[in-house]
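Next comes start.txt, with compact mmCIF, C-alpha atoms.
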# COMPACT_ATOMS: atom_id res chain seq x y z
CA MET A 1 0.00 0.00 0.00
CA THR A 2 1.40 3.42 -0.91
CA ALA A 3 1.83 6.11 1.73
CA PHE A 4 -0.85 8.29 0.13
CA ARG A 5 -3.42 5.49 -0.01
CA ALA A 6 -2.63 4.48 3.57
CA LEU A 7 -3.15 8.05 4.79
CA ILE A 8 -6.45 8.39 2.92
CA LEU A 9 -7.62 5.10 4.38
CA LYS A 10 -6.61 6.32 7.84
CA ASP A 11 -8.60 9.55 7.50
CA LEU A 12 -11.64 7.76 6.06
CA THR A 13 -11.55 5.15 8.84
CA ILE A 14 -11.37 7.80 11.55
CA LEU A 15 -14.10 9.84 9.82
CA ALA A 16 -16.35 6.77 9.70
CA ARG A 17 -15.77 6.03 13.39
CA LYS A 18 -15.97 9.59 14.71
CA ARG A 19 -18.75 11.42 12.90
CA GLY A 20 -19.09 14.34 15.32
CA GLY A 21 -17.44 16.92 13.04
CA PHE A 22 -19.43 15.80 10.04
CA LEU A 23 -22.76 15.95 11.87
CA SER A 24 -21.91 19.34 13.46
CA ALA A 25 -21.02 20.79 10.05
CA PHE A 26 -24.33 19.58 8.62
CA ALA A 27 -26.33 20.87 11.58
CA LEU A 28 -24.68 24.32 11.57
CA GLY A 29 -25.13 24.66 7.80
CA ALA A 30 -28.82 23.76 8.10
CA ILE A 31 -29.37 26.19 10.99
CA ILE A 32 -27.71 29.07 9.11
CA MET A 33 -29.88 28.40 6.05
CA LEU A 34 -33.01 28.21 8.21
CA MET A 35 -32.21 31.55 9.82
CA ALA A 36 -31.52 33.13 6.43
CA SER A 37 -34.80 31.82 5.03
CA LEU A 38 -36.75 33.40 7.89
CA SER A 39 -35.14 36.82 7.57
CA GLY A 40 -35.76 39.49 4.94
CA GLU A 41 -38.36 39.55 2.17
CA ALA A 42 -40.23 36.36 1.43
CA THR A 43 -40.80 36.94 -2.32
CA PRO A 44 -39.66 33.98 -4.45
CA GLN A 45 -36.96 36.05 -6.22
CA SER A 46 -35.53 37.46 -2.99
CA LEU A 47 -35.63 34.09 -1.25
CA GLY A 48 -33.87 32.39 -4.15
CA GLN A 49 -31.09 34.98 -4.27
CA ARG A 50 -30.58 34.76 -0.54
CA GLY A 51 -30.54 30.98 -0.77
CA ALA A 52 -27.30 30.75 -2.75
CA ALA A 53 -25.43 32.99 -0.30
CA ALA A 54 -26.95 31.23 2.73
CA PHE A 55 -26.08 27.79 1.37
CA TRP A 56 -22.42 28.68 0.83
CA MET A 57 -22.07 30.65 4.04
CA GLY A 58 -23.60 27.73 5.92
CA LEU A 59 -21.28 25.29 4.21
CA PHE A 60 -18.24 27.50 4.88
CA LEU A 61 -18.99 27.97 8.59
CA GLY A 62 -19.94 24.32 8.92
CA SER A 63 -16.68 23.37 7.24
CA THR A 64 -14.69 25.03 10.02
CA LEU A 65 -16.22 22.58 12.53
CA PHE A 66 -15.57 19.64 10.24
CA LEU A 67 -11.99 20.71 9.55
CA SER A 68 -11.21 21.39 13.22
CA ASP A 69 -12.50 17.97 14.17
CA SER A 70 -10.50 16.35 11.39
CA PHE A 71 -7.24 17.90 12.61
CA GLU A 72 -7.97 17.23 16.25
CA THR A 73 -7.38 13.53 15.58
CA GLU A 74 -3.88 14.44 14.38
CA GLN A 75 -3.21 16.77 17.28
CA LYS A 76 -4.69 14.95 20.27
CA ASP A 77 -2.40 11.94 20.37
CA GLY A 78 0.42 13.32 18.22
CA GLY A 79 0.02 10.72 15.49
CA GLN A 80 0.98 12.95 12.57
CA ARG A 81 3.89 14.55 14.45
CA ALA A 82 5.30 11.14 15.39
CA LEU A 83 5.19 9.86 11.81
CA ILE A 84 6.72 13.08 10.40
CA LEU A 85 9.60 12.79 12.89
CA LEU A 86 10.13 9.24 11.69
CA GLY A 87 10.54 10.50 8.14
CA ALA A 88 6.99 10.60 6.70
CA SER A 89 6.29 13.34 4.15
CA PRO A 90 4.18 16.28 5.43
CA THR A 91 3.06 16.85 1.83
CA ALA A 92 1.50 13.37 1.69
CA PHE A 93 -0.34 14.20 4.92
CA PHE A 94 -1.65 17.45 3.41
CA TYR A 95 -2.98 15.99 0.18
CA SER A 96 -4.57 12.97 1.82
CA LYS A 97 -6.21 15.10 4.48
CA ALA A 98 -7.33 17.79 2.03
CA LEU A 99 -8.81 15.11 -0.24
CA VAL A 100 -10.75 13.47 2.58
CA ASN A 101 -11.87 16.91 3.79
CA PHE A 102 -13.05 17.66 0.25
CA LEU A 103 -15.03 14.41 0.14
CA GLY A 104 -16.54 15.11 3.57
CA LEU A 105 -17.54 18.69 2.68
CA PHE A 106 -18.93 17.56 -0.66
CA VAL A 107 -21.19 15.04 1.10
CA VAL A 108 -22.27 17.72 3.62
CA GLY A 109 -23.08 19.97 0.64
CA VAL A 110 -25.07 17.19 -1.07
CA LEU A 111 -27.09 16.68 2.12
CA LEU A 112 -27.66 20.42 2.59
CA ALA A 113 -28.76 20.99 -1.03
CA PRO A 114 -32.29 19.51 -0.73
CA ILE A 115 -32.81 21.48 2.49
CA ALA A 116 -31.80 24.65 0.63
CA VAL A 117 -34.27 23.87 -2.16
CA ALA A 118 -37.01 23.25 0.41
CA LEU A 119 -36.27 26.46 2.33
CA PHE A 120 -35.67 28.83 -0.57
CA GLY A 121 -37.89 27.28 -3.23
CA VAL A 122 -35.31 27.15 -6.02
CA GLY A 123 -31.99 25.46 -6.77
CA PRO A 124 -29.63 24.77 -9.65
CA SER A 125 -29.85 21.71 -11.89
CA PRO A 126 -28.42 18.60 -10.21
CA LEU A 127 -25.53 18.17 -12.66
CA GLY A 128 -24.49 21.84 -12.78
CA GLY A 129 -25.00 22.12 -9.03
CA ALA A 130 -22.76 19.10 -8.43
CA VAL A 131 -19.97 20.61 -10.57
CA ILE A 132 -20.13 23.95 -8.73
CA LEU A 133 -20.37 22.17 -5.38
CA ALA A 134 -17.27 20.11 -6.25
CA LEU A 135 -15.28 23.19 -7.33
CA GLY A 136 -16.44 25.21 -4.31
CA THR A 137 -15.63 22.49 -1.78
CA LEU A 138 -12.25 21.87 -3.46
CA SER A 139 -11.51 25.59 -3.02
CA LEU A 140 -12.51 25.47 0.66
CA SER A 141 -10.93 22.17 1.68
CA ALA A 142 -7.32 22.99 0.73
CA PRO A 143 -7.01 26.34 2.59
CA GLY A 144 -9.14 24.87 5.37
CA THR A 145 -6.67 22.02 5.84
CA LEU A 146 -3.72 24.43 5.90
CA PHE A 147 -5.32 26.93 8.29
CA THR A 148 -6.53 24.19 10.63
CA ALA A 149 -2.92 23.03 10.93
CA LEU A 150 -1.77 26.62 11.54
CA VAL A 151 -4.20 27.27 14.39
CA SER A 152 -4.11 23.76 15.83
CA GLU A 153 -1.69 24.67 18.63
CA SER A 154 -3.97 27.44 19.89
CA ASP A 155 -6.55 26.97 22.65
CA LYS A 156 -8.84 29.29 20.68
CA ARG A 157 -8.57 27.34 17.43
CA HIS A 158 -12.35 27.00 16.98
CA LEU A 159 -12.65 30.81 17.02
CA LEU A 160 -9.47 31.53 15.10
CA LEU A 161 -10.16 29.23 12.17
CA PRO A 162 -13.18 31.06 10.64
CA VAL A 163 -11.65 34.47 11.45
CA MET A 164 -8.34 33.65 9.76
CA MET A 165 -9.76 31.64 6.90
CA PHE A 166 -12.62 33.95 5.91
CA PRO A 167 -10.54 36.77 4.32
CA LEU A 168 -8.66 34.21 2.23
CA VAL A 169 -11.77 32.47 0.93
CA VAL A 170 -13.88 35.60 0.28
CA PRO A 171 -13.01 35.51 -3.46
CA VAL A 172 -13.96 31.82 -3.54
CA LEU A 173 -17.28 32.51 -1.79
CA ILE A 174 -18.16 35.42 -4.10
CA THR A 175 -17.33 33.35 -7.17
CA VAL A 176 -19.19 30.26 -6.05
CA VAL A 177 -22.29 32.26 -5.06
CA GLN A 178 -22.31 34.00 -8.46
CA SER A 179 -21.95 30.64 -10.22
CA THR A 180 -24.80 29.17 -8.18
CA LEU A 181 -27.05 32.17 -8.94
CA LEU A 182 -26.36 31.88 -12.68
CA LEU A 183 -27.13 28.18 -12.59
CA THR A 184 -30.33 28.76 -10.62
CA PHE A 185 -31.81 31.79 -12.43
CA GLY A 186 -30.40 31.28 -15.93
CA ASP A 187 -27.41 32.67 -17.74
CA PRO A 188 -28.60 34.84 -20.66
CA MET A 189 -25.20 36.58 -21.02
CA GLY A 190 -23.20 33.33 -20.97
CA GLN A 191 -21.12 34.31 -17.94
CA GLY A 192 -21.39 30.99 -16.16
CA SER A 193 -18.38 29.32 -17.75
CA ALA A 194 -16.15 32.32 -16.89
CA TRP A 195 -17.19 32.18 -13.22
CA ALA A 196 -16.73 28.41 -13.16
CA SER A 197 -13.27 28.76 -14.74
CA LEU A 198 -12.34 31.34 -12.12
CA LEU A 199 -13.47 28.93 -9.43
CA ALA A 200 -11.37 26.15 -10.97
CA ILE A 201 -8.33 28.48 -10.96
CA PHE A 202 -8.88 29.28 -7.26
CA ALA A 203 -9.13 25.57 -6.51
CA MET A 204 -5.94 24.78 -8.42
CA LEU A 205 -3.99 27.64 -6.82
CA HIS A 206 -5.06 26.63 -3.32
CA TRP A 207 -4.19 22.97 -3.84
CA LEU A 208 -0.74 23.85 -5.18
CA LEU A 209 0.23 26.69 -2.82
CA ASP A 210 -1.34 25.36 0.36
CA GLY A 211 0.29 21.98 -0.23
CA ALA A 212 3.69 23.66 -0.47
CA LEU A 213 3.09 25.66 2.73
CA TYR A 214 1.76 22.79 4.82
CA SER A 215 5.11 21.35 5.87
CA ARG A 216 6.02 24.76 7.38
CA ALA A 217 2.76 24.75 9.33
CA VAL A 218 3.22 21.32 10.91
CA ASP A 219 7.00 20.92 11.05
CA MET B 1 34.09 14.85 34.24
CA ILE B 2 33.24 17.58 31.76
CA LYS B 3 35.13 17.40 28.54
CA GLU B 4 36.06 20.66 26.87
CA SER B 5 36.17 19.12 23.44
CA ILE B 6 35.77 15.65 22.07
CA SER B 7 36.83 13.80 19.00
CA GLU B 8 34.16 12.43 16.66
CA GLY B 9 36.24 9.33 15.94
CA ASP B 10 33.99 6.47 14.91
CA ALA B 11 31.10 7.69 17.05
CA PHE B 12 27.68 7.31 15.45
CA VAL B 13 26.23 10.16 17.48
CA PHE B 14 28.41 13.20 18.03
CA VAL B 15 27.04 15.96 20.27
CA GLU B 16 29.15 19.02 20.98
CA ASP B 17 28.00 22.01 23.02
CA VAL B 18 24.39 21.46 22.00
CA SER B 19 22.28 24.11 23.73
CA LYS B 20 18.65 25.13 23.58
CA ARG B 21 17.00 28.23 24.97
CA PHE B 22 13.32 28.86 25.68
CA GLY B 23 12.89 32.60 26.13
CA LEU B 24 15.74 33.72 28.38
CA GLU B 25 16.14 30.32 30.02
CA TRP B 26 18.71 27.86 28.74
CA ALA B 27 16.93 24.53 29.06
CA LEU B 28 20.06 22.78 27.81
CA ALA B 29 23.59 24.18 27.84
CA ARG B 30 26.70 22.75 26.18
CA ALA B 31 25.74 19.09 26.17
CA THR B 32 28.73 17.18 24.86
CA PHE B 33 29.13 13.44 24.38
CA THR B 34 29.41 10.71 21.76
CA VAL B 35 27.72 7.36 21.34
CA ALA B 36 29.06 4.53 19.20
CA ARG B 37 26.99 1.87 17.47
CA GLY B 38 25.94 -0.91 19.80
CA LYS B 39 26.25 1.32 22.89
CA MET B 40 23.68 2.93 25.15
CA ALA B 41 24.06 6.30 26.88
CA LEU B 42 21.93 6.83 29.97
CA LEU B 43 20.79 10.40 30.21
CA THR B 44 20.01 11.19 33.83
CA GLY B 45 19.03 14.21 35.87
CA ASP B 46 16.20 15.69 37.87
CA ASN B 47 12.97 17.04 36.40
CA GLY B 48 13.71 20.06 34.23
CA SER B 49 17.38 19.16 33.83
CA GLY B 50 17.14 19.18 30.01
CA LYS B 51 16.89 15.47 29.23
CA THR B 52 13.74 15.71 27.14
CA THR B 53 15.02 18.87 25.43
CA LEU B 54 18.17 17.00 24.38
CA ILE B 55 16.13 14.01 23.16
CA ARG B 56 13.87 16.38 21.19
CA CYS B 57 16.89 18.11 19.64
CA LEU B 58 18.38 14.79 18.57
CA SER B 59 15.04 13.63 17.16
CA THR B 60 15.01 16.88 15.07
CA ALA B 61 11.79 18.05 16.72
CA LEU B 62 13.75 21.08 18.03
CA ILE B 63 16.59 22.99 16.43
CA PRO B 64 19.49 23.71 18.83
CA ASP B 65 20.32 27.40 19.37
CA PHE B 66 24.01 26.69 19.84
CA GLY B 67 26.48 23.89 19.25
CA HIS B 68 26.23 21.14 16.71
CA ALA B 69 25.53 17.46 16.48
CA ARG B 70 25.91 14.75 13.88
CA VAL B 71 24.13 11.45 13.49
CA GLY B 72 25.83 8.96 11.21
CA GLY B 73 27.97 11.81 9.88
CA LEU B 74 24.92 13.92 8.98
CA ASP B 75 24.52 17.36 10.49
CA LEU B 76 21.47 17.54 12.74
CA VAL B 77 20.10 20.69 11.08
CA SER B 78 21.11 20.50 7.41
CA GLY B 79 20.65 16.72 7.21
CA ARG B 80 17.37 16.70 9.12
CA ASP B 81 15.28 14.84 6.55
CA LEU B 82 17.87 12.07 6.11
CA ILE B 83 18.44 11.77 9.85
CA ARG B 84 14.72 11.26 10.42
CA LYS B 85 14.89 8.09 8.35
CA ARG B 86 17.62 6.70 10.62
CA VAL B 87 16.25 7.72 14.01
CA ALA B 88 13.39 6.29 16.06
CA CYS B 89 12.10 8.04 19.13
CA LEU B 90 9.89 6.95 22.00
CA ASN B 91 8.42 10.14 23.46
CA GLN B 92 6.10 10.72 26.37
CA PRO B 93 3.35 10.32 25.37
CA PRO B 94 4.13 8.26 22.26
CA GLY B 95 2.36 9.55 19.12
CA PHE B 96 -0.42 7.43 17.64
CA TYR B 97 -3.96 7.64 16.31
CA GLY B 98 -6.25 6.82 19.21
CA GLY B 99 -9.19 6.14 16.89
CA LEU B 100 -7.28 3.35 15.14
CA SER B 101 -6.34 -0.04 16.52
CA ALA B 102 -2.74 -1.03 17.29
CA ARG B 103 -2.64 -3.14 14.13
CA GLU B 104 -4.05 -0.30 12.01
CA ASN B 105 -1.53 2.14 13.50
CA LEU B 106 1.37 -0.19 12.68
CA THR B 107 0.01 -0.91 9.19
CA LEU B 108 -0.16 2.85 8.62
CA ALA B 109 3.41 3.39 9.89
CA ASN B 110 4.62 0.50 7.76
CA ALA B 111 3.04 1.99 4.61
CA VAL B 112 3.81 5.66 5.27
CA LEU B 113 7.44 5.01 6.19
CA GLY B 114 7.92 2.42 3.45
CA LEU B 115 9.17 -0.23 5.89
CA GLY B 116 8.00 -3.26 3.90
CA ARG B 117 7.45 -5.25 7.10
CA GLY B 118 3.68 -5.71 6.98
CA GLY B 119 4.04 -9.42 7.70
CA ALA B 120 5.80 -8.79 10.99
CA ILE B 121 3.04 -6.65 12.51
CA SER B 122 0.98 -9.40 14.14
CA GLU B 123 4.14 -11.11 15.33
CA VAL B 124 5.51 -8.00 17.03
CA LEU B 125 2.13 -7.20 18.61
CA GLU B 126 2.00 -10.75 19.99
CA ARG B 127 5.48 -10.27 21.40
CA VAL B 128 4.58 -7.11 23.31
CA GLY B 129 1.46 -8.79 24.69
CA LEU B 130 -1.07 -6.90 22.57
CA GLY B 131 -1.96 -9.83 20.31
CA PRO B 132 -5.48 -10.38 21.65
CA LYS B 133 -6.15 -6.60 21.72
CA GLN B 134 -4.61 -5.65 18.40
CA ASP B 135 -7.97 -4.73 16.83
CA ILE B 136 -9.19 -2.51 19.67
CA PRO B 137 -8.81 1.29 19.19
CA ILE B 138 -5.80 2.56 21.14
CA ASP B 139 -8.10 5.07 22.90
CA ALA B 140 -9.28 2.08 24.96
CA PHE B 141 -5.72 1.11 25.98
CA SER B 142 -4.22 1.73 29.42
CA SER B 143 -1.04 3.86 29.64
CA GLY B 144 1.05 0.70 29.96
CA MET B 145 -0.53 -0.83 26.87
CA LYS B 146 0.16 2.38 24.93
CA GLN B 147 3.78 2.12 26.01
CA ARG B 148 3.89 -1.50 24.82
CA PHE B 149 2.42 -0.36 21.49
CA ALA B 150 5.19 2.26 21.22
CA LEU B 151 7.77 -0.46 21.83
CA ALA B 152 6.20 -2.59 19.10
CA ARG B 153 6.45 0.27 16.62
CA LEU B 154 10.02 0.99 17.62
CA SER B 155 11.00 -2.63 17.09
CA LEU B 156 9.33 -2.64 13.66
CA LEU B 157 11.34 0.40 12.58
CA ARG B 158 14.86 -1.04 13.00
CA ARG B 159 16.64 2.32 13.05
CA ASP B 160 20.31 3.14 13.64
CA LEU B 161 19.70 5.57 16.50
CA ILE B 162 17.03 4.91 19.12
CA LEU B 163 16.01 7.72 21.46
CA LEU B 164 14.07 6.70 24.55
CA ASP B 165 12.46 9.28 26.81
CA GLU B 166 11.62 7.58 30.10
CA PRO B 167 10.70 4.33 28.35
CA GLU B 168 10.09 2.56 31.66
CA SER B 169 7.07 4.79 32.37
CA HIS B 170 3.78 2.94 32.94
CA LEU B 171 5.35 -0.47 32.32
CA ASP B 172 4.71 -3.35 34.72
CA GLY B 173 7.37 -5.95 35.59
CA ALA B 174 6.80 -7.99 32.45
CA GLY B 175 6.76 -4.86 30.32
CA LEU B 176 10.04 -3.74 31.84
CA ARG B 177 11.68 -7.10 31.08
CA LEU B 178 10.39 -6.79 27.53
CA LEU B 179 11.93 -3.33 27.25
CA GLN B 180 15.25 -4.67 28.53
CA GLN B 181 15.14 -7.50 25.98
CA PHE B 182 14.45 -5.05 23.16
CA ILE B 183 17.33 -2.81 24.24
CA ALA B 184 19.72 -5.76 24.35
CA GLU B 185 18.61 -6.81 20.86
CA TRP B 186 18.91 -3.31 19.43
CA LYS B 187 22.41 -3.02 20.85
CA ALA B 188 23.34 -6.40 19.39
CA GLN B 189 22.00 -5.23 16.02
CA GLY B 190 24.36 -2.26 16.21
CA ALA B 191 21.95 0.54 17.05
CA ALA B 192 23.17 3.47 19.14
CA ILE B 193 20.74 4.18 21.99
CA ILE B 194 20.23 7.27 24.14
CA CYS B 195 17.88 6.68 27.04
CA ALA B 196 16.64 9.48 29.30
CA THR B 197 15.56 8.03 32.62
CA HIS B 198 15.02 8.64 36.32
CA ALA B 199 15.46 4.95 37.05
CA GLN B 200 18.91 4.01 35.85
CA GLU B 201 18.92 0.92 38.07
CA ARG B 202 16.35 -0.55 35.68
CA PHE B 203 18.94 -0.47 32.91
CA GLU B 204 21.74 -2.09 34.87
CA GLY B 205 24.06 -4.02 32.60
CA LEU B 206 22.58 -2.30 29.53
CA GLY B 207 23.77 1.29 29.91
CA ASP B 208 27.39 1.78 28.83
CA PHE B 209 27.90 5.23 30.32
CA GLU B 210 25.98 8.03 31.95
CA VAL B 211 25.48 11.64 30.89
CA ARG B 212 24.16 13.50 33.92
CA LEU B 213 22.44 16.84 33.43
CA VAL B 214 21.94 19.36 36.21
CA GLY B 215 19.90 22.47 35.41
CA GLY B 216 20.49 21.97 31.71
CA ARG B 217 24.26 21.61 32.14
CA PRO B 218 26.20 18.37 31.91
CA ARG B 219 27.85 17.31 35.15
CA SER B 220 29.47 14.25 33.69
CA ALA B 221 30.14 13.37 30.12
CA GLY B 222 30.75 9.98 28.67
CA GLY B 223 31.11 8.26 25.38
CA GLU B 224 33.60 6.20 23.64
CA ALA B 225 36.37 8.75 24.05
File written out as structure tokens:
Amino acid sequence: MTAFRALILKDLTILARKRGGFLSAFALGAIIMLMASLSGEATPQSLGQRGAAAFWMGLFLGSTLFLSDSFETEQKDGGQRALILLGASPTAFFYSKALVNFLGLFVVGVLLAPIAVALFGVGPSPLGGAVILALGTLSLSAPGTLFTALVSESDKRHLLLPVMMFPLVVPVLITVVQSTLLLTFGDPMGQGSAWASLLAIFAMLHWLLDGALYSRAVD
Amino acid sequence: MIKESISEGDAFVFVEDVSKRFGLEWALARATFTVARGKMALLTGDNGSGKTTLIRCLSTALIPDFGHARVGGLDLVSGRDLIRKRVACLNQPPGFYGGLSARENLTLANAVLGLGRGGAISEVLERVGLGPKQDIPIDAFSSGMKQRFALARLSLLRRDLILLDEPESHLDGAGLRLLQQFIAEWKAQGAAIICATHAQERFEGLGDFEVRLVGGRPRSAGGEA
């Protein structure tokens, strides 16, 4: 078994056994969407527009719980530190963890999507929505993995993570919300592919740069 | 005896004036000794005397602020990545994934470190007395069982330098005899061992010399020289 596969299997096994972070992320995302649906105008157009922003804000804030929980397993018993000191590659740890975080956030997003449609009355097509969800969660999982490692030594990590991560992912959130709105309400000017390409660039940049910075964060 | 300078000779571990400061406090000052292959240095001293700091420096977890050290001819700072592949360390507490079983933890270490000793995992877990409990998450282990797991991983690694930080902690009589057997085997295999301990009598006949630290400073230095 390769190191990368072994690390992915480790993260998936721990995720399957300890689902607290996953369930908290889902619950927080759903609560944020519920609150957004109850505030402001209740016209179908206004609700629909608010829905895209609420869905992504809920997923972002929920992701901080999921990511914190995911890194706590590394931090609590010093498993990652011990293996890095024995010569394991921090980069392999980053990509395996970011990939499993991506999968986890994608599933949270898939579970939140029908709730968003029920609360806000509209939603994008399943296929287009899945593509945007994949690009958006890819763009959140990589910086999330890096920043979770950066704040992991702090007692206030649960507060620090959203505060530190938010400024970095604002461009991602704006782009992904615009893409979702275009998918939901139509794209007469043909802007959708440009927004989606921008999102793909953000995802690629984060996966490359954050991967390179990770070893400095944990070692 | 404090030696002003030492010769590297054929020492596998060469430590000269290694010092580490936390804030204004020197936790370790001018530690100097050598260890040859097949020998064990006992690192002794009271709490806060710098034993763990020295072990952490040699395991590359900390970078010394002064002095230099070599392991197998590699500089501790510039050769860090290569040294890590030759050193094994038993810290307090030993690092592991509590949500995984002992067998899963060793399978992970075997794959991630490219050891190629997957077949030996059950055997080594049997040897340390964890055979019947190898599929239980380590979170459910007692402190002594965690220490036995750490010994199992250390024995699977087969490294040239073994750093032990109070390895006798939490071990019962049988566990202690097991630790002594492992140390004797590692020495016979040619590993250099540095063992920080408060209970040097438990390593009688195994330790080749003592490096005593007092307030971060060496009060006696040993080694092959």
Contacts of A:Trp195 at 9 Å (all atoms listed in the file; same-chain gap of 6+ positions) as a PyMOL selection string: chain A and resi 175-176+178-179
message: Let me make sure I understand: among B:Lys187, B:Arg117, B:Arg148, B:Arg219, which one has the smallest atom-to-atom distance to B:Ala41 if we use all atoms listed in the file?
response: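 Of B:Lys187, B:Arg117, B:Arg148, B:Arg219, the one nearest B:Ala41, counting all atoms listed in the file, is B:Lys187.
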message: Using all atoms listed in the file, I'd like every residue of chain A that has an atom within 10 Å of chain B; please write them out as a PyMOL selection string.
response: chain A and resi 1-7+9-11+13-15+17-18+73-89+92-93+219
- request: Calculate how many Å separate atom CA of B:Ile162 from atom CA of B:Ile193, rounding to one decimal.
  value: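 Value for the atom CA of B:Ile162-atom CA of B:Ile193 distance: 4.7 Å.
The space separating atom CA of A:Phe55 from atom CA of A:Ala134 comes to 14.0 Å.
When atom CA of A:Val218 is paired with atom CA of B:Leu151, their separation reads 24.8 Å.
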- request: Choose the residue, out of A:Gly128, A:Gly121, A:Pro90, A:Gly136, that has the smallest atom-to-atom separation from A:Met57; count only C-alpha atoms.
  value: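 With only C-alpha atoms as the atom set, the closest residue is A:Gly136.
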Contacts of A:Leu28 within 12 Å, only C-alpha atoms, excl. fewer than 6 positions in-chain, as a VMD selection string: chain A and resid 21 to 22 34 to 35 54 to 66 108 to 109 112
Residues within 9 Å of A:Leu198, only C-alpha atoms, excluding chain neighbours under 5 positions, as a list in words: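 Contacts, in chain order: Val172, Thr175, Ser193 and Ala203 of chain A.
Comparing B:Met145, B:Ala31, B:Leu54, B:Val128 by their smallest distance to B:His170, the closest is B:Met145 (using all atoms listed in the file).
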field: Who sits within 9 Å of A:Thr145, all atoms listed in the file, same chain under 5 positions skipped, as number ranges by chain
entry: A: 67-68, 70-71, 94, 97-98, 101, 140, 150, 210, 214
Box centre and edge lengths (Å, one decimal), axis-aligned, stretch 142-146 of chain B plus 5 Å each side, as lines of an AutoDock Vina configuration file:
center_x = -1.6
center_y = 1.5
center_z = 27.4
size_x = 15.3
size_y = 14.7
size_z = 15.0
